[in-house]
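Engineer: To start, I am sharing the structure in question, which I have written as structure tokens.
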Amino acid sequence: MDGDSLYAQWSKDKTRLPTLLYQIEDFNDFADRIEAESLIRTYGIGGIVLQDGNHLDVKRWIEKNQALGSSPLLYITKMSSIFELPFDELDFPTKSIVECQRDTAKTHELGRIHATVLRSMGVALVQLPAFPRHYTSDDLQKVLSYLNGLKIGNVSFFFQDQLWQDFLDRSGLVSTDQISLLHVEGVASGGLLDKKSLKKYRKLTEDKRLVIDKVRQEELSLIQIERGVDLTVLSGHAKSQSLINSLLLENMLAKGYFKRSVKEYFGLLRFVQSQLRLPIEEQVLPVELRDDFEKSAITLVADDYQLIPIQHLQNRKLYTLSADNNIFQSRVDRYQSAQHFSLAILDLPTDSLVDVFPADALVLIDLTSIEDDEMFERIKSQCVALNRSRSLILFYGGNANFIKNRDELPALMWTVRSPKDHLGMMVEMAFGVHTIEGVLPGYFDKSAVNRGHTRNAIGRISYERERFSLVDTTCLNSIDTLVASAIRKGMIPGCQILMIKDGKVLYDKNFGYLTYDSITPVEWNHMYDIASVTKTVATVPALMDRMQEGSLSLASRLGDYLTAYRSTDKSELTVNDLLIHKSGLKSYIPFWRYAKYDADSATFLYKKRKRTHNYLSVDWSDSIQSWIGRSQYNSLSNEDGTYRYLYSDLGFMAMKDLVEEHCSCPLDQSIQEQVYGPMGMDHTSFNPLEKFQKNQIAPTERDRSFRSTLLQGVVHDKNAALLDGVSGHAGLFSNANDLAKYMQMMIQNGYYGGVQYFSDSLIKVFTSKNNEKDRRALGWDKPNRSVGNSSIYASDESYGHSGFTGTLVWADPKYNLIYIFLSNRIYPDPQNYKLIESNTRTKIHDLMYKSFLKLGDQPNDGS
């Protein structure tokens with residue numbers, strides 16, 4: 001129905017006043033709502049202006065009014081600030097958050113989703129507030145993108161303050177015509193325009209919009225209407241009943257200009273009501289976009305020495321200063337372990353502080369607990385002095401006045417929101433997890449320029465997982481039940497489990513204890529003997545490094561590089577065949593049976609013969625090379641002389657020798673320098689007792705057949721023990737957090753923390769099968785349904801490896817998924833196979849896939 005038809009049906013009696021709007025001052029005021037309902041029923045007023053209330057309560061109230069069968073009404077939302085809806089229980093970014101970000105695409109989407117929420121409530125007209133005078137041209141563009149989002153969402157709007165037009169006139173960026181294209185439906189007269197001037201203005205500009213004005217005083221209201229105000233906004237404070245009586249006594253309904261306003265009102269009503277298109281399914285801001293707003297509001301205020309993002313971790317000693325903030329300290333430790341001090345240490349003289357922190361220190365200082373101006377200035381002065389000789393990064397949020405004199409400050413991360421909400425995110429951004437693009441609000445600078453340093457993300461893992469979007473947490477919670485059952489049934493005393501999806505840690509839990517006596521609970525920084533996972537986390541990257549340098553290739557032969565194999569029938573074995581376990585080498589040879597462990601010297605002596613007590617000191621590395629060279633091949637040979645698949649530790653023991661021959665240094669030293677140090681994998685080590693306390697390492701087994709002791713921090717594998725705990729097939733200790741970094745590097749095609757460790761093509765070669773008949777890739781296992789080594793949902797692109805001690809790592813590039821499981825299942829008895837028999841690790845893997853796979857996705861049918 002068009003406006004003319006609605007006008008024709010208008011009952012021109014003295015009880016219908018459609019051009020009057022009523023503003024509810026407080027939606028929670030029952031009397032205010034009752035008065036509004038009375039005016040709707042008694043006088044047929046044209047609309048209600050809403051400026052607060054719970055959005056669901058407001059929605060139900062509007063639906064109730066519509067059900068009463070009253071005349072169609074305009075429902076107008078009055079916003080107190082740009083970018084913010086005035087209703088409660090809506091989880092949207094605040095105005096301040098939006099002001100501190102740059103991306104106009106995000107503000108456009110925010111406007112569109114705001115519009116869908118309003119339309120679902122029954123509101124399709126928005127009154128916008130004054131445009132802040134400190135807004136810059138960049139702010140203006142964000143406002144325009146927001147308004148365009150409202151328009152796309154079929155919500156119309158008008159401004160109730162002349163400041164907006166003043167700003168547009170001053171900026172010269174946007175013309176009245178451009179604003180008209182955004183469907184601004186009204187302008188404010190402010191009671192200043194007389195009837196003749198308004199008529200002339202409309203003729204010159206062809207501006208047909210309604211003029212809306214709030215009642216100033218009762219005696220002026222009639223004059224306002226006579227001057228051309230089309231819609232008059234009144235409230236309980238304006239003595240609405242008295243005003244209505246005045247209008248009726250003046251016989252306003254009979255006057256032509258009032259009738260014209262009524263006709264214009266019905267035209268607007270028709271247009272606005274058509275935009276509602278009810279019923280509308282209410283939308284909320286997608287989790288990803290909401291998080292993007294939160295991140296983009298974090299601002300790098302100062303960074304003169306380019307400290308952010310923090311890189312080159314192998315050359316950094318990290319320290320934190322905070323008021324015992326566990327969130328701050330623990331988040332820093334996830335990227336690299338730091339020494340933690342109280343903020344009170346800044347009370348020391350600067351000379352003393354220089355002695356505390358070495359020259360290569362990077363000091364991260366959490367100032368978010370400071371609320372006192374005097375204390376902040378004192379600490380800031382101390383930081384400025386210390387920054388002359390040491391590298392500092394400050395973290396602060398909230399009170400903008402504290403950082404206005406930022407030219408004196410060292411590197412500073414700041415958030416407009418409560419820092420308690422954003423401190424973990426700020427730490428992540430300092431480590432390059434997310435792009436930094438925040439800007440200071442315009443009121444910071446007289447120059448009217450939004451300032452803030454931008455920094456690109458460098459591919460580190462994110463631990464901010466408070467919100468889940470595409471993940472079914474019910475599935476993930478079922479993991480807890482599985483693990484509790486495994487512990488109860490004696491499969492494992494405890495474990496670490498970590499899941500990463502799209503670079504974000506979505507599940508990271510520690511269960512049980514290090515031992516069955518329930519003394520020490522498993523923590524994230526406890527380390528486990530990862531057994532054969534050593535092959536993929538130590539030997540494979542060491543080989544890739546040599547191949548990337550060009551000193552090795554997959555076709556390289558043992559005899560070409562290692563003298564011990566040159567005169568044996570193992571001379572022709574290639575790196576490729578050894579890595580895919582098709583070399584013909586036996587699966588395992590118990591070299592340790594030739595040894596006797598001397599507990600007093602913690603060394604292994606060589607038995608000259610069985611049943612003898614004559615022992616010698618030998619170079620076990622040379623001896624094992626010699627024994628492998630003279631060993632017999634397995635029986636899985638083909639007619640052409642090649643061999644079928646047989647998993648073998650021996651090939652990786654030989655790979656360790658090959659790596660060391662090329663770098664002229666031990667495997668553990670080279671891999672620490674190449675990978676672990678730069679990546680911040682400071683809980684990954686061979687022979688961890690050289691660096692860590694024993695109580696930080698999970699005991700592995702009680703070795704009754706060889707060393708007659710509880711193994712804790714000492715490699716479980718007996719052959720690796722002969723090699724001083726460093727071998728290509730076993731010996732590495734790590735935790736889930738460190739292994740996640742390594743696997744994230746792999747899934748990111750060799751890139752992590754701003755460093756391209758390996759080329760994407762090399763990663764692809766190592767994680768793919770040579771041909772479909774192969775069981776494994778180069779060092780990596782591949783999905784195999786018959787053995788249940790991974791989830792039934794794992795893609796053919798996925799790869800991983802398990803360890804005898806109860807460990808597993810798995811990556812799936814197709815789904816950008818990483819799974820880590822670490823336990824000491826063989827404690828105290830290596831014959832405990834309950835975990836393997838129950839297939840618990842794979843069941844957990846299944847649940848991770850189910851948490852995000854859509855219905856209908858089919859399991860991988862590969863074998």
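Ordering of the structure tokens sets the chain letters (A, B, ...), residue numbers begin anew at 1 in every chain, and ligands are numbered from 1 in the order given.
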Name the residues of stretch 28-63 of chain A that fall into alpha helix (DSSP H) according to DSSP on the backbone, using the chain letters and numbers of this document, as a PyMOL selection string.

Structural biologist: chain A and resi 30-43+55-63

Engineer: Neighbours of A:Asp366 within 10 Å (only C-alpha atoms; same-chain residues fewer than 6 positions away dropped), as a PyMOL selection string?

Structural biologist: chain A and resi 320-325+328-329+342-343+393-397+413+419+423+427

Engineer: Taking only stretch 513-659 of chain A into account, list the residues labelled strand (DSSP E or B) by DSSP (computed from the backbone), as a tab-separated table (two decimals) with N, CA and C atoms, in the first residue's frame.

Structural biologist:
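Dumped everything to part-v3.tsv:
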chain	number	residue	atom	x	y	z
A	513	TYR	N	48.21	-37.51	36.45
A	513	TYR	CA	49.44	-37.26	37.18
A	513	TYR	C	50.63	-37.87	36.42
A	521	PRO	N	50.51	-33.50	39.57
A	521	PRO	CA	49.60	-33.37	38.42
A	521	PRO	C	50.37	-32.99	37.16
A	527	MET	N	57.67	-32.52	30.52
A	527	MET	CA	58.25	-33.10	29.31
A	527	MET	C	58.11	-34.62	29.32
A	528	TYR	N	57.96	-35.17	28.11
A	528	TYR	CA	57.83	-36.62	27.95
A	528	TYR	C	58.89	-37.13	26.98
A	529	ASP	N	59.29	-38.37	27.20
A	529	ASP	CA	60.12	-39.08	26.22
A	529	ASP	C	59.23	-39.41	25.03
A	557	ARG	N	73.70	-41.97	-1.24
A	557	ARG	CA	73.91	-43.33	-0.76
A	557	ARG	C	74.80	-43.32	0.49
A	574	THR	N	69.89	-45.89	-0.25
A	574	THR	CA	69.65	-44.46	-0.46
A	574	THR	C	68.88	-43.85	0.70
A	595	ALA	N	75.98	-54.92	25.96
A	595	ALA	CA	76.45	-53.91	26.91
A	595	ALA	C	76.05	-54.25	28.33
A	596	LYS	N	76.80	-53.70	29.24
A	596	LYS	CA	76.47	-53.76	30.67
A	596	LYS	C	76.51	-52.34	31.19
A	597	TYR	N	75.47	-51.97	31.92
A	597	TYR	CA	75.40	-50.62	32.46
A	597	TYR	C	76.13	-50.55	33.78
A	598	ASP	N	77.07	-49.62	33.88
A	598	ASP	CA	77.80	-49.39	35.11
A	598	ASP	C	77.19	-48.17	35.81
A	603	THR	N	77.93	-45.31	32.63
A	603	THR	CA	78.40	-45.62	31.28
A	603	THR	C	78.05	-47.06	30.92
A	604	PHE	N	78.18	-47.36	29.64
A	604	PHE	CA	77.88	-48.69	29.16
A	604	PHE	C	79.19	-49.35	28.69
A	605	LEU	N	79.48	-50.51	29.24
A	605	LEU	CA	80.69	-51.25	28.90
A	605	LEU	C	80.34	-52.39	27.95
A	606	TYR	N	81.29	-52.74	27.12
A	606	TYR	CA	81.06	-53.78	26.12
A	606	TYR	C	81.43	-55.15	26.69
A	607	LYS	N	80.49	-56.12	26.52
A	607	LYS	CA	80.76	-57.50	26.91
A	607	LYS	C	81.53	-58.19	25.79
A	615	TYR	N	84.80	-56.77	30.50
A	615	TYR	CA	84.12	-55.62	29.90
A	615	TYR	C	85.15	-54.61	29.40
A	616	LEU	N	84.79	-53.95	28.28
A	616	LEU	CA	85.67	-52.96	27.68
A	616	LEU	C	84.92	-51.66	27.45
A	637	SER	N	62.07	-59.41	0.45
A	637	SER	CA	62.67	-58.95	-0.80
A	637	SER	C	61.76	-59.23	-1.99
A	643	TYR	N	63.16	-54.12	-1.77
A	643	TYR	CA	62.53	-54.66	-0.56
A	643	TYR	C	61.17	-54.01	-0.33

Engineer: Of the candidates A:Leu73, A:Ala542, A:Ala254, A:Cys495, which shows the shortest atom-to-atom distance to A:Gln669, using only C-alpha atoms?

Structural biologist: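 Nearest candidate to A:Gln669 out of A:Leu73, A:Ala542, A:Ala254, A:Cys495: A:Ala542.
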
Engineer: Figure out the distance between atom CA of A:Pro590 and atom CA of A:Ala564, please, to one decimal in Å.

Structural biologist: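 Taking atom CA of A:Ala564 as the start and atom CA of A:Pro590 as the end point, the length is 19.3 Å.
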
Engineer: Which neighbours of A:Lys106 fall inside 10 Å, counting only C-alpha atoms, when residues of the same chain fewer than 5 positions from it are skipped, and could you give them as a count of residues only?

Structural biologist: 12

Engineer: Quick one: of A:Tyr645, A:Pro286, A:Thr563, A:Thr539, who's nearest to A:Gly584, counting only C-alpha atoms?

Structural biologist: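 Looking at the shortest contact to A:Gly584, the residue is A:Tyr645.
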
Engineer: Let me make sure I understand: among A:Asp139, A:Asp333, A:Glu25, A:Asp372, which one has the smallest atom-to-atom distance to A:Tyr443 if we use only C-alpha atoms?

Structural biologist: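 Smallest separation from A:Tyr443 among the options: A:Asp139.
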
Engineer: Quick one: residues within 9 Å of A:Tyr561, only C-alpha atoms counted, chain neighbours fewer than 4 positions away excluded, as a compact mmCIF listing (two decimals) with N, CA, C and O atoms, in the first residue's frame?

Structural biologist:
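Below is the file that was written, selection_31.txt:
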# COMPACT_ATOMS: atom_id res chain seq x y z
N SER A 556 71.09 -39.77 -2.39
CA SER A 556 72.40 -39.95 -1.76
C SER A 556 72.50 -41.34 -1.14
O SER A 556 71.54 -41.85 -0.56
N ARG A 557 73.70 -41.97 -1.24
CA ARG A 557 73.91 -43.33 -0.76
C ARG A 557 74.80 -43.32 0.49
O ARG A 557 75.69 -42.47 0.63
N TYR A 565 80.13 -47.84 6.09
CA TYR A 565 79.23 -48.60 5.22
C TYR A 565 79.82 -48.82 3.82
O TYR A 565 79.25 -49.56 3.02
N ARG A 566 80.94 -48.19 3.54
CA ARG A 566 81.45 -48.15 2.17
C ARG A 566 81.82 -49.54 1.66
O ARG A 566 81.59 -49.86 0.49
N LEU A 658 74.64 -39.80 9.14
CA LEU A 658 74.75 -39.04 7.89
C LEU A 658 74.64 -37.54 8.15
O LEU A 658 75.39 -36.73 7.58
N GLU A 661 77.83 -36.26 9.82
CA GLU A 661 78.96 -36.21 8.89
C GLU A 661 78.97 -34.90 8.11
O GLU A 661 80.03 -34.35 7.80
N HIS A 662 77.77 -34.36 7.81
CA HIS A 662 77.68 -33.16 6.98
C HIS A 662 77.85 -31.86 7.76
O HIS A 662 78.28 -30.86 7.20

Engineer: Excluding stretch 679-690 of chain A and any residue of its chain fewer than 5 positions from it, enumerate the residues within 7 Å of it, using only C-alpha atoms, and give them as an NGL selection string.

Structural biologist: :A and (313 or 335-337 or 527 or 668 or 713-714 or 725-726 or 731-735 or 738 or 753)

Engineer: Near A:Lys263, counting only C-alpha atoms, which residues have an atom at most 10 Å away, once you skip same-chain residues fewer than 2 positions from it, shown as JSON, numbers by chain?

Structural biologist: {"A": [3, 4, 5, 6, 7, 8, 10, 18, 19, 230, 257, 258, 259, 260, 261, 265, 266, 267, 268, 269]}

Engineer: Rank nothing, just name the residue among A:Arg785, A:His716, A:Lys854, A:Lys582 nearest to A:Tyr827, using only C-alpha atoms.

Structural biologist: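 Nearest candidate to A:Tyr827 out of A:Arg785, A:His716, A:Lys854, A:Lys582: A:His716.
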
Engineer: Restricting the calculation to only C-alpha atoms: of A:Arg630, A:Arg488, A:Lys769, A:His55, which residue gets closest to A:Leu835?

Structural biologist: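 The shortest atom-to-atom distance to A:Leu835 comes from A:Arg488.
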
Engineer: From the set A:Gly442, A:Gly398, A:Gly512, A:Pro541, which residue has the shortest atom-to-atom contact distance to A:Gln496, counting only C-alpha atoms?

Structural biologist: A:Gly512

Engineer: Neighbouring residues of A:Thr42 were defined as those with any atom within 7 Å, considering only C-alpha atoms; residues of the same chain fewer than 3 positions away were excluded. Please report them as a ChimeraX atom specification.

Structural biologist: /A:15,38-39

Engineer: At what distance in Å, to one decimal, does atom CA of A:Trp592 lie from atom CA of A:Gln693?

Structural biologist: 27.0 Å
